[in-house]
Amino acid sequence: MAEQPTAISVRDVTRVYHRPRTSLRHPSPPVHALRGVSFTVPQGQRFGIVGESGCGKSTLLRILAGLDRPTSGSVAIDGRDITGLRERQLGFVRERLQLVFQDPMSSLDPRMRVGDIVAEPLVAQGHSNRRERVAELLEAVGLRADAADRYPHQFSGGQRQRISIARALAPRPKIIVADEPVSALDVSVRAQVLNLIADLVEELSLTLVFVSHDLSVVRHVCDRVAVMNGGQIVETGPTEQVYEEPQHSYTRRLIAAVPTLGKALSGVSAADLNREY
Amino acid sequence: MSAPDTKSAPDTKAAASAVPDVRRRRRPVTGSLLVGGLIVAVVLGMALLSFVWTPHDPTLVNASARLQKPSLEYWFGTDKFGRDVFSQILVGSRTTLFVGFVAVGVAAVVGVPLGIAAGMAPRWLGELLMRANDLLLAFPALLLAIMFAAVYGASTLVAMVAIGIASIPNFARLIRGGTLQVMKTEYVTAARAAGRGPFAIAVRHVLPNVSSLVIVQASVGFAIAVLAEAALSFLGFGTPPPTPSWGRMLQESQEMLSSAPRLAVFPGIAIAVAVLGFNLLGDGLRDRFDPKLEDRR
Amino acid sequence: MTGNVTGDVLAVRNLDVTVGGRKLVEDVGFTIGAGERVGLIGESGSGKSLTALSVMGLLPEGLRATGSVRLAGVDHDLVGADEARMSRVRGKEIAMVFQEPMTALNPTMRVGRQIAEVLLIHRTRPDRASARAAAVELLAQVGLPDPAAAAQAYPHQFSGGQRQRVVLAIALANDPALLVCDEPTTALDVTVQARVLDLIVRGVQDRRSAMLFITHDLAVVATACERVMVMYGGRLVESGPVQEVFTRPRHRYTQGLIGASDLTVVDDRGRLATIPGSVPPAGQFPAGCVFRNRCAHATEACATRPEWVPTGPDSGYACFHPASESPASQSGAHVKGTPMNQEAGRG
């Protein structure tokens, strides 16, 4: 693979939260959500982040999107350092990087029409010709243009996730950060949405950061994967390699614990999934 | 591209599972909403009617018709000055609505933005605003109104601005709670990620999603204001004569309580029914709207 | 896996669940033999949870079950049984593990007492002291470290996976004849899911309890169960031994579902097999075959309701155009871009 310019570069990022005290005598111990996370994502790569709840992946994602700040370390998007920038200086991040969320219900404002939801990034960034662009976007994600006049609750989960993707694509970003985008969907529509994401990433030559707890989904979607545990990246590498020859014991346990149809049909029982490695 | 997810009929609600879907179906119109709405509509109708028609001039003093019993001529009788009680009740409803709108208006116009700001501000600032709010909450509304009347002179407007100011904390507290909930949702995060500033988020996302809370609180605030106006007029700090007001009618009836109790009964019933109406309306609206904030998870 | 009536722990016949004239579950019937682990899979709106709740007699207000649910050793039908009778059955002959362990536990009560309570209510332990000892023993069985200390703790002091183990301990306390699990591992992390799944399977095996396991996850069912039933649109569309159904699905929905959930098989463009369209909202599936508006094989015949075609004592399918008996081919599921403007169900 030819050397690509870097889309995202994360250098030694830590994030410490201070919780409100629960005792009169001692302050609550600080929470180390991220402890020295570093990685780079070249342009056009599909980069997966895998980990269980509390591993720090959500915090990392918020920091990437400029919605939270690292306690120390730095994050650069397209070569520009975003750490320490104020909200209004983050305009270029908002144009280059967009988010797709997990829950297709709570990520869409119930009181807004779909057209306004999709147009929101355009309004925020002062684009014109919004109506046409919205129609174009809805079509690109496989919805009819008249969806623009309806409200989110009139759509199924899969359709709402399509709306969410359309919104993310509105400002023509180069990077999409997707936070568990299919884990709330029915099995029969999950494949549709995964295909849609793959199509769009290919057509629009996007860089994709795909966060999931499900290693088999990441394996299908991503070229490279970072496995997170306890606020750290414990292993990173090409997806196939990590999946086939996991180096870290946590990765091994994670892979072993994922039930699959194939494994089950070849006689892997619940007790086998739970085996320590 | 992949298969289009076509949608079915526009009124269908796609839900995550069957059970919540059933519950989320159109909420029934509850009894309190119906009765409350009806009473409020009647009060509104009386006020509108009084502009075009009253049986008698409500302010006309007629010495020859003092303290008449209810009759075909004077439906609710007359007071000690010979004024028609029914006409006064009709025109008095205007005062009632006026006080409600002024007090709720003042409270909402200040309280809603304050609540939203406190909900969106950094935690320490939000807390500070709320503690200041608590301070105001601890101050009795009627006392504030009497102080205002003492400084600016007794008038309906002054009294109601005072009641409105005293109701600000109720609004601010409630709206801050709603705002905190809305700010936690992913659609607000999405709006931030899209580059929306705080003001746009407040207007486009927070306000529409707390509007149901505002409506509920407004109708309850209306009832409080009507009662407060009556109390202030009774004490002589409210609506000055000759403008008819249910509260002052009550006060004027006081000296005749033994000889002509009906003079107290009619405005008393009017106040009670109107307050009940607004309270029921508030309850009904709460039932209909309130769960929305959670059920949109 | 017995076909005869006497060996069955649970027998469900002609079960319907309706709300205001809409049928959410229609004509569901199945049996579960003693010690048998049966999975019930389906997507949202399939009626799988409502089926489980009907068995437990826990349907929410406004929903009505008709038909028959019989449990071995209980001399009355569970459908239509009053609360007093049901509460004698629940927690004793039949117990349930829910998706959300936090809401299934009383936050103000120590977990040891909550476990001891189910033992005392059903008088399976003579007194408080022995019930308390049994509670600690149960907590040890579900693998909580330091069970004696755990018994003294409140639910909020546990992690999600630990709470689910407590719920399991309560469910297994009286050695129920049937354990009903409704998506018990869906809210859990992968490694925690593996552990809880292991405990559930071991728990029912040790007690020779039967299990009805409800989930949307095919792989979980295949791991934990011997037999599987597939629900879609409120109906049972296929059932049979796990090996058979997942390797040689007959119903086109099952076939599509297996294809869509297999992330290792892709076409030449690297795309997954899909089922077109989306799951209609509950109660708005098409008449006739409920899957026909998403099915590539649907014909006019499918406008009438397909009969159940038995292929064994506990297996069968309801489809006019079943897949062949040779091992699963993905072709059926792989039809893209079919626009469907179904005006499903009743208007």
# chains A, B, ... in the order shown; residues from 1 in each chain; ligands from 1
$ residues_around --residues "Leu199 of chain C" --least-positions-apart "2" --cutoff "12 Å" --atoms "only C-alpha atoms" --output "CSV table (one decimal) with C-alpha atoms, in the first residue's frame"
chain,number,residue,atom,x,y,z
A,269,SER,CA,-20.6,-24.8,24.0
A,270,ALA,CA,-21.2,-22.0,26.4
A,271,ALA,CA,-18.6,-23.4,28.7
A,272,ASP,CA,-16.0,-23.2,25.9
A,273,LEU,CA,-16.8,-19.5,25.3
A,274,ASN,CA,-16.1,-18.8,28.9
C,138,LEU,CA,-26.8,-20.2,45.4
C,139,LEU,CA,-24.6,-17.1,45.1
C,140,ALA,CA,-21.6,-19.4,45.2
C,141,GLN,CA,-23.1,-21.6,42.4
C,142,VAL,CA,-23.4,-18.6,40.1
C,143,GLY,CA,-19.8,-17.9,40.6
C,144,LEU,CA,-19.8,-14.8,42.7
C,161,GLY,CA,-22.9,-9.1,34.8
C,162,GLN,CA,-22.9,-9.8,38.5
C,164,GLN,CA,-27.5,-10.9,36.1
C,165,ARG,CA,-26.0,-13.7,38.1
C,166,VAL,CA,-27.9,-12.7,41.1
C,167,VAL,CA,-31.1,-12.7,39.1
C,168,LEU,CA,-30.2,-16.1,37.8
C,169,ALA,CA,-29.6,-17.3,41.4
C,172,LEU,CA,-32.9,-21.1,40.0
C,184,PRO,CA,-30.6,-12.4,29.3
C,185,THR,CA,-27.2,-11.5,27.8
C,192,VAL,CA,-19.5,-11.3,30.5
C,193,GLN,CA,-22.1,-12.7,28.2
C,194,ALA,CA,-19.9,-15.8,27.8
C,195,ARG,CA,-19.8,-16.3,31.5
C,196,VAL,CA,-23.5,-15.7,32.1
C,197,LEU,CA,-24.4,-18.0,29.3
C,201,VAL,CA,-26.7,-23.6,30.7
C,202,ARG,CA,-24.9,-25.2,33.7
C,203,GLY,CA,-27.6,-24.2,36.1
C,204,VAL,CA,-30.4,-25.8,34.1
C,205,GLN,CA,-28.4,-28.9,33.3
C,206,ASP,CA,-27.6,-29.4,37.0
C,224,ALA,CA,-27.0,-22.5,24.4
$ residues_around --residues "Leu24 of chain C" --least-positions-apart "6" --cutoff "9 Å" --atoms "only C-alpha atoms" --output "list in words"
Ala18 of chain B; Asp16, Val17, Thr18, Gly45, Ser46, Gly47, Leu50, Gly233, Gly234, Arg235, Ala282, Gly283 and Gln284 of chain C
$ closest_atom_pairs --of "chain C" --to "chain A" --cutoff "8 Å" --atoms "only C-alpha atoms" --output "CSV"
residue,atom,partner,partner_atom,distance
C:Glu43,CA,A:Asp186,CA,5.8
C:Ser44,CA,A:Asp186,CA,6.8
C:Asp189,CA,A:Glu52,CA,5.7
C:Val190,CA,A:Ala257,CA,6.1
C:Thr191,CA,A:Ala257,CA,5.3
C:Gln193,CA,A:Ala257,CA,7.8
C:Ala194,CA,A:Asn274,CA,5.0
C:Arg195,CA,A:Asn274,CA,5.1
C:Leu197,CA,A:Ala270,CA,5.9
C:Asp198,CA,A:Ala270,CA,4.6
C:Val201,CA,A:Ala270,CA,7.2
C:His216,CA,A:Val187,CA,7.4
C:Asp217,CA,A:Val187,CA,7.8
C:Leu218,CA,A:Leu261,CA,6.7
C:Ala219,CA,A:Leu261,CA,4.4
C:Val220,CA,A:Pro259,CA,6.0
C:Ala222,CA,A:Ala264,CA,5.5
C:Thr223,CA,A:Ala264,CA,4.9
C:Ala224,CA,A:Ala270,CA,6.1
C:Val242,CA,A:Leu265,CA,8.0
C:Gln243,CA,A:Leu265,CA,6.2
C:Phe246,CA,A:Leu261,CA,8.0
C:Gly256,CA,A:Ser188,CA,7.6
C:Leu257,CA,A:Ser188,CA,5.8
C:Ala260,CA,A:Ala191,CA,5.6
C:Ser261,CA,A:Val187,CA,6.0
C:Asp262,CA,A:Leu261,CA,7.9
C:Leu263,CA,A:His220,CA,6.1
C:Thr264,CA,A:His220,CA,6.9
C:Arg271,CA,A:Asn195,CA,5.7
C:Leu272,CA,A:Ala191,CA,5.9
C:Ala273,CA,A:Ala191,CA,6.8
C:Thr274,CA,A:Ala191,CA,5.6
C:Ile275,CA,A:Ser188,CA,5.8
C:Pro276,CA,A:Gln192,CA,7.9
C:Gly277,CA,A:Val189,CA,7.6
C:Ser278,CA,A:Val189,CA,6.3
C:Val279,CA,A:Ser156,CA,7.6
C:Pro280,CA,A:Ser156,CA,7.8
C:Pro281,CA,A:Ser156,CA,7.8
$ write_last_selection --atoms "C-alpha atoms" --output "PDB file, in the first residue's frame"
ATOM      1  CA  GLU C  43     -36.455  -9.767  15.523  1.00  0.00           C
ATOM      2  CA  SER C  44     -38.309  -6.808  16.988  1.00  0.00           C
ATOM      3  CA  ASP C 189     -20.402  -7.281  27.273  1.00  0.00           C
ATOM      4  CA  VAL C 190     -19.053 -10.153  25.208  1.00  0.00           C
ATOM      5  CA  THR C 191     -16.840 -11.713  27.865  1.00  0.00           C
ATOM      6  CA  GLN C 193     -22.099 -12.728  28.160  1.00  0.00           C
ATOM      7  CA  ALA C 194     -19.947 -15.830  27.752  1.00  0.00           C
ATOM      8  CA  ARG C 195     -19.772 -16.296  31.497  1.00  0.00           C
ATOM      9  CA  LEU C 197     -24.427 -18.000  29.264  1.00  0.00           C
ATOM     10  CA  ASP C 198     -22.213 -20.708  30.708  1.00  0.00           C
ATOM     11  CA  VAL C 201     -26.686 -23.608  30.741  1.00  0.00           C
ATOM     12  CA  HIS C 216     -32.479 -12.142  18.564  1.00  0.00           C
ATOM     13  CA  ASP C 217     -28.949 -13.555  18.400  1.00  0.00           C
ATOM     14  CA  LEU C 218     -28.681 -16.716  16.305  1.00  0.00           C
ATOM     15  CA  ALA C 219     -25.211 -17.544  17.532  1.00  0.00           C
ATOM     16  CA  VAL C 220     -26.257 -17.368  21.181  1.00  0.00           C
ATOM     17  CA  ALA C 222     -27.004 -22.117  18.659  1.00  0.00           C
ATOM     18  CA  THR C 223     -24.546 -22.125  21.540  1.00  0.00           C
ATOM     19  CA  ALA C 224     -27.010 -22.523  24.394  1.00  0.00           C
ATOM     20  CA  VAL C 242     -30.379 -26.367  16.067  1.00  0.00           C
ATOM     21  CA  GLN C 243     -28.057 -28.249  13.717  1.00  0.00           C
ATOM     22  CA  PHE C 246     -29.156 -23.531  11.015  1.00  0.00           C
ATOM     23  CA  GLY C 256     -32.400 -15.011   4.828  1.00  0.00           C
ATOM     24  CA  LEU C 257     -31.746 -14.399   8.506  1.00  0.00           C
ATOM     25  CA  ALA C 260     -27.735 -11.772   6.735  1.00  0.00           C
ATOM     26  CA  SER C 261     -26.140 -12.600  10.044  1.00  0.00           C
ATOM     27  CA  ASP C 262     -23.156 -14.386   8.517  1.00  0.00           C
ATOM     28  CA  LEU C 263     -20.462 -11.739   8.332  1.00  0.00           C
ATOM     29  CA  THR C 264     -17.884 -14.086   6.843  1.00  0.00           C
ATOM     30  CA  ARG C 271     -21.030  -7.046   0.384  1.00  0.00           C
ATOM     31  CA  LEU C 272     -23.110  -9.083   2.793  1.00  0.00           C
ATOM     32  CA  ALA C 273     -26.279 -10.909   1.914  1.00  0.00           C
ATOM     33  CA  THR C 274     -29.351  -8.933   2.944  1.00  0.00           C
ATOM     34  CA  ILE C 275     -33.067  -9.306   3.373  1.00  0.00           C
ATOM     35  CA  PRO C 276     -34.722  -6.389   1.579  1.00  0.00           C
ATOM     36  CA  GLY C 277     -36.936  -3.917   3.411  1.00  0.00           C
ATOM     37  CA  SER C 278     -37.408  -3.635   7.119  1.00  0.00           C
ATOM     38  CA  VAL C 279     -39.368  -5.424   9.797  1.00  0.00           C
ATOM     39  CA  PRO C 280     -42.875  -3.919   9.829  1.00  0.00           C
ATOM     40  CA  PRO C 281     -44.147  -2.541  13.146  1.00  0.00           C
TER      41      PRO C 281
END
$ select_by_dssp --residues "segment 4-233 of chain B" --states "helix (DSSP H, G or I)" --output "PyMOL selection string"
chain B and resi 18-24+31-52+63-65+85-120+123-137+141-152+156-183+186-193+198-233
$ residues_around --residues "Arg132 of chain C" --least-positions-apart "5" --cutoff "10 Å" --atoms "only C-alpha atoms" --output "list in words"
Gly112, Arg113, Gln114, Ile115, Ala116, Glu117, Leu119, Leu120, Arg125, Asp127, Glu137, Leu138, Ala148 and Ala151 of chain C
$ closest_residue --among "B:Leu235, B:Ala200, B:Leu257, B:Val275" --to "chain A" --atoms "only C-alpha atoms"
B:Ala200
$ closest_residue --among "B:Asp79, B:Asp84, B:Glu186, B:Asp57" --to "chain A" --atoms "only C-alpha atoms"
B:Glu186
$ closest_residue --among "B:Pro240, B:Gly111, B:Gly221, B:Gly195" --to "Gln98 of chain A" --atoms "only C-alpha atoms"
B:Gly195
$ residues_around --residues "segment 11-17 of chain A" --least-positions-apart "6" --cutoff "12 Å" --atoms "only C-alpha atoms" --output "PDB file with C-alpha atoms, in the first residue's frame"
ATOM      1  CA  SER A  28     -13.406  10.356  45.163  1.00  0.00           C
ATOM      2  CA  PRO A  29     -10.514   8.753  43.323  1.00  0.00           C
ATOM      3  CA  PRO A  30     -10.120  10.115  39.784  1.00  0.00           C
ATOM      4  CA  VAL A  31     -11.210   7.910  36.877  1.00  0.00           C
ATOM      5  CA  HIS A  32      -8.552   7.248  34.266  1.00  0.00           C
ATOM      6  CA  ALA A  33     -10.703   6.778  31.188  1.00  0.00           C
ATOM      7  CA  LEU A  34      -7.741   6.840  28.806  1.00  0.00           C
ATOM      8  CA  ARG A  35      -4.160   6.046  29.742  1.00  0.00           C
ATOM      9  CA  GLY A  36      -1.736   6.956  26.998  1.00  0.00           C
ATOM     10  CA  VAL A  37      -3.519   6.040  23.785  1.00  0.00           C
ATOM     11  CA  SER A  38      -1.611   6.478  20.510  1.00  0.00           C
ATOM     12  CA  PHE A  39      -2.451   5.490  16.953  1.00  0.00           C
ATOM     13  CA  THR A  40      -2.619   6.918  13.456  1.00  0.00           C
ATOM     14  CA  VAL A  41      -5.183   6.359  10.759  1.00  0.00           C
ATOM     15  CA  GLY A  56     -12.547   4.131  27.120  1.00  0.00           C
ATOM     16  CA  LYS A  57     -13.660   3.855  23.509  1.00  0.00           C
ATOM     17  CA  SER A  58     -16.515   6.333  23.939  1.00  0.00           C
ATOM     18  CA  THR A  59     -14.241   8.869  25.591  1.00  0.00           C
ATOM     19  CA  LEU A  60     -11.708   8.437  22.804  1.00  0.00           C
ATOM     20  CA  LEU A  61     -14.393   8.982  20.245  1.00  0.00           C
ATOM     21  CA  ARG A  62     -15.622  12.176  21.874  1.00  0.00           C
ATOM     22  CA  ILE A  63     -12.081  13.483  21.942  1.00  0.00           C
ATOM     23  CA  LEU A  64     -11.598  12.662  18.257  1.00  0.00           C
ATOM     24  CA  ASP A  68     -14.180  16.498  24.832  1.00  0.00           C
ATOM     25  CA  ARG A  69     -10.583  17.365  25.571  1.00  0.00           C
ATOM     26  CA  PRO A  70      -7.740  15.114  26.563  1.00  0.00           C
ATOM     27  CA  THR A  71      -6.096  15.727  29.924  1.00  0.00           C
ATOM     28  CA  SER A  72      -2.774  15.346  28.162  1.00  0.00           C
ATOM     29  CA  GLY A  73      -1.525  14.302  24.752  1.00  0.00           C
ATOM     30  CA  SER A  74      -2.581  15.547  21.364  1.00  0.00           C
ATOM     31  CA  VAL A  75      -4.977  14.752  18.551  1.00  0.00           C
ATOM     32  CA  ALA A  76      -4.502  15.933  14.985  1.00  0.00           C
ATOM     33  CA  ILE A  77      -7.110  15.746  12.245  1.00  0.00           C
ATOM     34  CA  ASP A  81      -3.764  19.803  16.057  1.00  0.00           C
ATOM     35  CA  ILE A  82      -7.214  20.116  17.608  1.00  0.00           C
ATOM     36  CA  THR A  83      -6.246  19.829  21.248  1.00  0.00           C
ATOM     37  CA  GLY A 230      -8.888  -0.472  30.667  1.00  0.00           C
ATOM     38  CA  GLY A 231      -8.239   2.810  28.861  1.00  0.00           C
ATOM     39  CA  GLN A 232      -5.348   1.440  26.831  1.00  0.00           C
ATOM     40  CA  ILE A 233      -4.833  -0.050  23.420  1.00  0.00           C
TER      41      ILE A 233
END
$ closest_atom_pairs --of "chain A" --to "chain B" --cutoff "6 Å" --atoms "only C-alpha atoms" --output "tab-separated table"
residue	atom	partner	partner_atom	distance
A:Arg94	CA	B:Gly195	CA	5.5
A:Ser106	CA	B:Arg297	CA	5.2
A:Ser107	CA	B:Tyr187	CA	4.0
A:Leu108	CA	B:Tyr187	CA	5.0
A:Asp109	CA	B:Tyr187	CA	5.6
A:Pro121	CA	B:Ala194	CA	4.5
A:Ala124	CA	B:Arg196	CA	5.2
A:Gly142	CA	B:Pro4	CA	4.6
A:Leu143	CA	B:Pro4	CA	5.8
A:His153	CA	B:Lys13	CA	5.9
A:Gln154	CA	B:Lys13	CA	5.0
A:Phe155	CA	B:Ala14	CA	5.6
A:Ser156	CA	B:Ala14	CA	4.8
$ residues_around --residues "segment 79-96 of chain C" --least-positions-apart "4" --cutoff "6 Å" --atoms "only C-alpha atoms" --output "JSON list (two decimals) with C-alpha atoms, in the first residue's frame"
[["chain", "number", "residue", "atom", "x", "y", "z"],
["C", 68, "SER", "CA", -53.65, -22.72, 26.27],
["C", 69, "VAL", "CA", -50.41, -22.87, 28.23],
["C", 171, "ALA", "CA", -34.58, -17.82, 39.27],
["C", 174, "ASN", "CA", -36.47, -23.34, 43.75],
["C", 176, "PRO", "CA", -37.87, -24.66, 38.55],
["C", 177, "ALA", "CA", -39.13, -27.17, 36.01],
["C", 178, "LEU", "CA", -38.86, -24.44, 33.39],
["C", 179, "LEU", "CA", -36.53, -21.46, 33.19],
["C", 180, "VAL", "CA", -37.60, -18.69, 30.83],
["C", 181, "CYS", "CA", -34.80, -16.36, 29.73]]
$ select_by_dssp --residues "segment 8-194 of chain C" --states "strand (DSSP E or B)" --output "ChimeraX atom specification"
/C:8-19,22-33,37-41,64-71,90,94-97,178-182
$ write_last_selection --atoms "N, CA and C atoms" --output "compact mmCIF listing (two decimals), in the first residue's frame"
# COMPACT_ATOMS: atom_id res chain seq x y z
N ASP C 8 -43.70 -33.84 28.46
CA ASP C 8 -43.55 -32.40 28.23
C ASP C 8 -43.67 -31.61 29.51
N VAL C 9 -42.76 -30.67 29.67
CA VAL C 9 -42.84 -29.76 30.82
C VAL C 9 -43.80 -28.63 30.48
N LEU C 10 -43.69 -28.12 29.26
CA LEU C 10 -44.52 -27.00 28.84
C LEU C 10 -45.22 -27.37 27.54
N ALA C 11 -46.50 -27.09 27.48
CA ALA C 11 -47.25 -27.30 26.25
C ALA C 11 -48.06 -26.05 25.95
N VAL C 12 -47.69 -25.38 24.86
CA VAL C 12 -48.41 -24.17 24.46
C VAL C 12 -49.22 -24.52 23.23
N ARG C 13 -50.51 -24.17 23.26
CA ARG C 13 -51.36 -24.46 22.10
C ARG C 13 -52.19 -23.26 21.71
N ASN C 14 -52.22 -23.00 20.41
CA ASN C 14 -53.07 -21.95 19.83
C ASN C 14 -52.98 -20.63 20.59
N LEU C 15 -51.80 -20.25 20.95
CA LEU C 15 -51.64 -19.02 21.72
C LEU C 15 -51.77 -17.79 20.81
N ASP C 16 -52.69 -16.92 21.18
CA ASP C 16 -52.84 -15.63 20.51
C ASP C 16 -52.63 -14.53 21.54
N VAL C 17 -51.99 -13.46 21.15
CA VAL C 17 -51.94 -12.27 22.00
C VAL C 17 -52.50 -11.13 21.18
N THR C 18 -53.52 -10.48 21.73
CA THR C 18 -54.16 -9.41 20.97
C THR C 18 -54.20 -8.13 21.78
N VAL C 19 -54.19 -7.02 21.06
CA VAL C 19 -54.44 -5.74 21.70
C VAL C 19 -55.36 -4.97 20.77
N ARG C 22 -55.82 -6.06 17.23
CA ARG C 22 -54.62 -6.42 16.46
C ARG C 22 -54.00 -7.66 17.08
N LYS C 23 -53.63 -8.59 16.22
CA LYS C 23 -52.97 -9.79 16.72
C LYS C 23 -51.47 -9.59 16.71
N LEU C 24 -50.85 -9.65 17.87
CA LEU C 24 -49.40 -9.50 17.95
C LEU C 24 -48.72 -10.86 17.95
N VAL C 25 -49.43 -11.86 18.47
CA VAL C 25 -48.95 -13.24 18.41
C VAL C 25 -50.12 -14.06 17.91
N GLU C 26 -49.87 -14.95 16.94
CA GLU C 26 -50.98 -15.67 16.33
C GLU C 26 -50.71 -17.17 16.27
N ASP C 27 -51.57 -17.91 16.90
CA ASP C 27 -51.60 -19.36 16.77
C ASP C 27 -50.23 -20.01 17.00
N VAL C 28 -49.62 -19.65 18.10
CA VAL C 28 -48.32 -20.24 18.42
C VAL C 28 -48.53 -21.50 19.25
N GLY C 29 -47.88 -22.57 18.87
CA GLY C 29 -47.99 -23.81 19.62
C GLY C 29 -46.66 -24.54 19.63
N PHE C 30 -46.23 -25.01 20.79
CA PHE C 30 -45.01 -25.80 20.88
C PHE C 30 -44.99 -26.51 22.22
N THR C 31 -44.08 -27.48 22.31
CA THR C 31 -43.91 -28.16 23.59
C THR C 31 -42.43 -28.18 23.92
N ILE C 32 -42.14 -28.24 25.21
CA ILE C 32 -40.75 -28.37 25.65
C ILE C 32 -40.68 -29.57 26.59
N GLY C 33 -39.81 -30.51 26.27
CA GLY C 33 -39.68 -31.71 27.09
C GLY C 33 -38.83 -31.44 28.32
N ARG C 37 -33.49 -27.75 26.23
CA ARG C 37 -33.19 -26.32 26.08
C ARG C 37 -33.63 -25.87 24.70
N VAL C 38 -34.63 -24.99 24.69
CA VAL C 38 -35.22 -24.56 23.42
C VAL C 38 -35.04 -23.06 23.26
N GLY C 39 -34.58 -22.68 22.09
CA GLY C 39 -34.41 -21.26 21.81
C GLY C 39 -35.58 -20.74 21.01
N LEU C 40 -35.92 -19.46 21.24
CA LEU C 40 -36.98 -18.81 20.46
C LEU C 40 -36.35 -17.56 19.88
N ILE C 41 -36.11 -17.55 18.57
CA ILE C 41 -35.45 -16.38 18.01
C ILE C 41 -36.42 -15.58 17.16
N ARG C 64 -54.06 -9.18 25.70
CA ARG C 64 -54.84 -10.32 26.15
C ARG C 64 -54.35 -11.58 25.46
N ALA C 65 -54.12 -12.60 26.24
CA ALA C 65 -53.70 -13.88 25.68
C ALA C 65 -54.89 -14.83 25.65
N THR C 66 -55.01 -15.59 24.56
CA THR C 66 -55.99 -16.67 24.51
C THR C 66 -55.28 -17.92 24.02
N GLY C 67 -55.90 -19.05 24.24
CA GLY C 67 -55.25 -20.31 23.90
C GLY C 67 -54.95 -21.07 25.17
N SER C 68 -53.92 -21.89 25.11
CA SER C 68 -53.65 -22.72 26.27
C SER C 68 -52.15 -22.84 26.54
N VAL C 69 -51.78 -22.66 27.80
CA VAL C 69 -50.41 -22.87 28.23
C VAL C 69 -50.45 -23.80 29.44
N ARG C 70 -50.00 -25.02 29.27
CA ARG C 70 -50.04 -25.97 30.37
C ARG C 70 -48.63 -26.30 30.83
N LEU C 71 -48.48 -26.38 32.14
CA LEU C 71 -47.19 -26.71 32.72
C LEU C 71 -47.35 -28.00 33.51
N ARG C 90 -45.19 -19.01 39.67
CA ARG C 90 -44.00 -18.24 39.32
C ARG C 90 -42.98 -18.29 40.43
N ILE C 94 -41.84 -22.31 37.56
CA ILE C 94 -41.39 -21.61 36.37
C ILE C 94 -40.75 -20.29 36.82
N ALA C 95 -39.57 -20.01 36.34
CA ALA C 95 -38.86 -18.80 36.76
C ALA C 95 -38.33 -18.08 35.54
N MET C 96 -37.98 -16.80 35.72
CA MET C 96 -37.61 -16.01 34.56
C MET C 96 -36.37 -15.17 34.82
N VAL C 97 -35.54 -15.06 33.80
CA VAL C 97 -34.40 -14.14 33.82
C VAL C 97 -34.66 -13.08 32.77
N LEU C 178 -39.11 -25.18 34.62
CA LEU C 178 -38.86 -24.44 33.39
C LEU C 178 -38.25 -23.08 33.72
N LEU C 179 -37.13 -22.78 33.05
CA LEU C 179 -36.53 -21.46 33.19
C LEU C 179 -36.76 -20.70 31.89
N VAL C 180 -37.38 -19.52 32.01
CA VAL C 180 -37.60 -18.69 30.83
C VAL C 180 -36.58 -17.55 30.85
N CYS C 181 -35.80 -17.42 29.80
CA CYS C 181 -34.80 -16.36 29.73
C CYS C 181 -35.15 -15.43 28.58
N ASP C 182 -35.36 -14.15 28.87
CA ASP C 182 -35.69 -13.19 27.82
C ASP C 182 -34.48 -12.30 27.57
